[in-house]
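A.B. asks: My structure is below; once you've seen it, I'll send some questions.
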Amino acid sequence: MNFIRRALLYCRRQKLRSLLLFLTITCLAAFVLTGIAIQKATVDNAENLRTEVGGIVRLEADVENGPRTTQEGENGAIHSYVGDFVAEKLVNAIKKIEGVVGINAQNEQGFWGSGINFDYIPGQFSMGEMPVPNTAVLNSENSDPFQSGKFTLEEGRHITEEDKHVIILSEEVAKRNQLKVGDKIQLYNMDIDGEVTLELIGIYSGAGGTGGDAMIASQIPENAGFVDFTTMRENFGREIEGYPSIDILVNDPARIEAVRDEVENLPEMKGKTLKTRIINEEYEAISNPLESIQKSVGMVVTAIAAVGIAILGLLLFLWTKNRKQEVGILLAVGKSKADIIGQLLAENFVAAALAFTASYFLTGLIADKVCAILAGRTGVDADTINVGVTIGQTVSVCGIGFLVVGLCVAIASYTVIRLKPKDILTKID
């Protein structure tokens, strides 16, 4: 192992060369490690977002292209859709599809009512007890306003599939009438020309101050409530079999197109006047910037690695070839070619080992800062991206680095040691 001793002595004598090699490998490895760590963090973040945000396939009656009937009324012709709705049998089949984590249905303005034992907020023109619209929901927690964060449930609970004859009102309407969760309210429904009694199970916030200068009560957002589908069906004016539309909740937006295809190919869908569409805007708004970071980092890492390896290879090649005289003397005194190559490799491996160790700690210092800069430029919240350097990533970069150093030194040294000592020494000026 005498060649190791000679390698250490050489590194000690050639401090400037050893320092330059150390700094070159440290910077190269640190930048590559930083890029890999950021890419891994954005991939993990995107996977977490897929499960948190999810996606929706909306299955709805094809009102535009479906069959209609026309009736002449006092104010002109009335066109009514008479095609298919989403039946319970179809809903049950959809629930069995892999990736579907829930079903929600909502019908805006599905139930209209005017207050009997309470008052809605009046508009600028008050024309008696004007009816206001309520959204019929299968699960209010999964409805658009609550999912988007526009509305927040402040008291009580959400409407579920098992509920019947319940309602959720805004905190403005509740305060105006001193209503609390558990109270019974009566509404007049024009479609059945009768009274409907509902239990107040929840109070939400988020609609306040959005009404502006509404002319009538039905235009004031604070008056809008949420009721169960049983209430809507019983008071719709005509019998409805199924739901006008349902939202199919998918746990992974990456599978949303596959889920839609499976829904469309269900036997229960054959011949139905229904259509599907994907609602995935929230996930795309978040994931697109993350994908932009991944692509940017990938290109930068590739460029840095290519340029860095080229520079490192050139330096090692030139340094090794410039030691012809030393190699010739070693060969002349009886040192084997393997012993000489071992010394050259050991010299560079010592500097590389120290450099890779330093790059691990340097990456830990700069990775978060680099990620924050990239996230700021793409509109991503950097706090949601947890950048960390793993031992596995470091070992991979180190392994590739040692391989590059070894190949460069081996190729350069071979061009020298393949010659005879006499040829090497006689060609030196």
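Residues in the structure tokens are numbered from 1 in each chain, the chains being A, B, ... in the order shown, and ligands are numbered from 1 in the order shown.
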With a cut-off of 10 Å, could you pull out the residues of stretch 234-267 of chain A touching stretch 205-229 of chain A and give me the nearest pair of atoms for each, distance in Å to one decimal, using only C-alpha atoms, ordered by chain and ascending number, as a tab-separated table?
C.D. replies:
```
residue	atom	partner	partner_atom	distance
A:Glu234	CA	A:Phe229	CA	8.5
A:Asn235	CA	A:Phe229	CA	9.9
A:Gly242	CA	A:Phe229	CA	9.7
A:Tyr243	CA	A:Phe229	CA	8.5
```
A.B. asks: Counting only C-alpha atoms, what is within 12 Å of A:Glu64, bar same-chain residues fewer than 2 positions away, as a list in words?
C.D. replies: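 Final neighbour list, sorted by chain and number: Glu60, Ala61, Asp62, Gly66, Pro67, Arg68, His79, Ser80, Tyr81, Val82, Gly83, Thr273, Leu274 and Lys275 of chain A.
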A.B. asks: What does the distance from atom CA of A:Met299 to atom CA of A:Thr394 come to in Å, to one decimal?
C.D. replies: 19.6 Å
A.B. asks: Which residues come within 9 Å of A:Val263, counting only C-alpha atoms, excluding same-chain residues fewer than 4 positions away, as a ChimeraX atom specification?
C.D. replies: /A:59,93-94,97,258-259,269,276
A.B. asks: Rounded to one decimal, what separation in Å do you get between atom CA of A:Gly364 and atom CA of A:Gln393?
C.D. replies: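 So the answer is 12.4 Å.
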A.B. asks: For a test of reading the model, state the distance in Å between atom CA of A:Thr160 and atom CA of A:Ala105, rounded to one decimal.
C.D. replies: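 Atom-to-atom, atom CA of A:Thr160 to atom CA of A:Ala105, that is 10.7 Å.
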A.B. asks: Write out as a PyMOL selection string the residues lying within 7 Å of stretch 184-189 of chain A, counting only C-alpha atoms and excluding same-chain residues fewer than 5 positions away.
C.D. replies: chain A and resi 112-117+194-200
A.B. asks: Based on the selection just made, write N, CA, C and O atoms of those residues as an mmCIF file, in the first residue's frame.
C.D. replies:
```
data_model
loop_
_atom_site.group_PDB
_atom_site.id
_atom_site.type_symbol
_atom_site.label_atom_id
_atom_site.label_comp_id
_atom_site.auth_asym_id
_atom_site.auth_seq_id
_atom_site.Cartn_x
_atom_site.Cartn_y
_atom_site.Cartn_z
ATOM 1 N N TRP A 112 -87.156 26.325 -3.465
ATOM 2 C CA TRP A 112 -87.473 27.730 -3.212
ATOM 3 C C TRP A 112 -88.462 27.808 -2.055
ATOM 4 O O TRP A 112 -89.404 27.020 -1.970
ATOM 5 N N GLY A 113 -88.215 28.764 -1.184
ATOM 6 C CA GLY A 113 -89.143 28.936 -0.061
ATOM 7 C C GLY A 113 -89.076 30.347 0.500
ATOM 8 O O GLY A 113 -88.042 31.021 0.434
ATOM 9 N N SER A 114 -90.159 30.782 1.047
ATOM 10 C CA SER A 114 -90.214 32.082 1.739
ATOM 11 C C SER A 114 -90.484 31.826 3.218
ATOM 12 O O SER A 114 -91.195 30.885 3.586
ATOM 13 N N GLY A 115 -89.889 32.655 4.070
ATOM 14 C CA GLY A 115 -89.992 32.444 5.507
ATOM 15 C C GLY A 115 -91.393 32.650 6.047
ATOM 16 O O GLY A 115 -92.096 33.591 5.658
ATOM 17 N N ILE A 116 -91.800 31.757 6.961
ATOM 18 C CA ILE A 116 -93.093 31.901 7.641
ATOM 19 C C ILE A 116 -92.872 32.362 9.082
ATOM 20 O O ILE A 116 -93.422 33.377 9.510
ATOM 21 N N ASN A 117 -92.047 31.610 9.838
ATOM 22 C CA ASN A 117 -91.788 31.993 11.223
ATOM 23 C C ASN A 117 -90.419 32.665 11.388
ATOM 24 O O ASN A 117 -89.865 32.733 12.476
ATOM 25 N N GLY A 194 -97.736 24.942 -0.286
ATOM 26 C CA GLY A 194 -97.887 24.467 1.083
ATOM 27 C C GLY A 194 -96.690 24.816 1.944
ATOM 28 O O GLY A 194 -95.692 25.396 1.504
ATOM 29 N N GLU A 195 -96.795 24.421 3.196
ATOM 30 C CA GLU A 195 -95.776 24.731 4.200
ATOM 31 C C GLU A 195 -94.806 23.560 4.351
ATOM 32 O O GLU A 195 -95.212 22.391 4.324
ATOM 33 N N VAL A 196 -93.527 23.894 4.500
ATOM 34 C CA VAL A 196 -92.482 22.886 4.692
ATOM 35 C C VAL A 196 -91.740 23.217 5.986
ATOM 36 O O VAL A 196 -91.318 24.350 6.192
ATOM 37 N N THR A 197 -91.601 22.218 6.862
ATOM 38 C CA THR A 197 -90.882 22.406 8.129
ATOM 39 C C THR A 197 -89.517 21.721 8.043
ATOM 40 O O THR A 197 -89.428 20.538 7.696
ATOM 41 N N LEU A 198 -88.468 22.481 8.334
ATOM 42 C CA LEU A 198 -87.097 21.964 8.254
ATOM 43 C C LEU A 198 -86.356 22.235 9.560
ATOM 44 O O LEU A 198 -86.632 23.222 10.256
ATOM 45 N N GLU A 199 -85.402 21.360 9.871
ATOM 46 C CA GLU A 199 -84.585 21.548 11.065
ATOM 47 C C GLU A 199 -83.270 22.231 10.683
ATOM 48 O O GLU A 199 -82.593 21.826 9.740
ATOM 49 N N LEU A 200 -82.920 23.283 11.412
ATOM 50 C CA LEU A 200 -81.661 23.990 11.180
ATOM 51 C C LEU A 200 -80.520 23.182 11.818
ATOM 52 O O LEU A 200 -80.444 23.076 13.041
#
```
A.B. asks: Mind running stretch 157-276 of chain A against stretch 139-144 of chain A at 12 Å and telling me each contacting residue's nearest atom pair with the distance in Å (one decimal), counting only C-alpha atoms, chain and number ascending, as a tab-separated table?
C.D. replies:
```
residue	atom	partner	partner_atom	distance
A:Arg157	CA	A:Glu141	CA	8.9
A:His158	CA	A:Ser140	CA	5.6
A:Ile159	CA	A:Ser140	CA	5.2
A:Thr160	CA	A:Asn139	CA	4.7
A:Glu161	CA	A:Asn139	CA	6.1
A:Glu162	CA	A:Asn139	CA	9.4
A:Asp163	CA	A:Asn139	CA	9.3
A:Lys164	CA	A:Asn139	CA	11.9
A:Val166	CA	A:Ser140	CA	11.4
A:Ile167	CA	A:Ser140	CA	10.1
A:Ile168	CA	A:Ser140	CA	8.9
A:Leu169	CA	A:Ser140	CA	11.8
A:Ile201	CA	A:Ser140	CA	11.4
A:Gly202	CA	A:Ser140	CA	10.2
A:Ile203	CA	A:Ser140	CA	11.8
A:Tyr204	CA	A:Ser140	CA	10.9
A:Gly225	CA	A:Ser140	CA	10.4
A:Phe226	CA	A:Ser140	CA	7.3
A:Val227	CA	A:Ser140	CA	8.5
A:Asp228	CA	A:Asn139	CA	8.1
A:Phe229	CA	A:Asn139	CA	9.5
A:Ile246	CA	A:Ser143	CA	10.3
A:Asp247	CA	A:Ser143	CA	8.7
A:Ile248	CA	A:Asn142	CA	10.2
A:Leu249	CA	A:Asn142	CA	8.6
A:Val250	CA	A:Asn142	CA	11.9
```
A.B. asks: Given the choices A:Ala174, A:Gly399, A:Lys337, A:Thr230, which gets closest to A:Ile121 if the distance is worked out from only C-alpha atoms?
C.D. replies: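 Once distances to A:Ile121 are computed over only C-alpha atoms, the minimum belongs to A:Ala174.
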A.B. asks: Rank nothing, just name the residue among A:Tyr414, A:Glu257, A:Ala352, A:Leu315 nearest to A:Ala338, using only C-alpha atoms.
C.D. replies: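 Checking each of A:Tyr414, A:Glu257, A:Ala352, A:Leu315 against A:Ala338, counting only C-alpha atoms, the winner is A:Tyr414.
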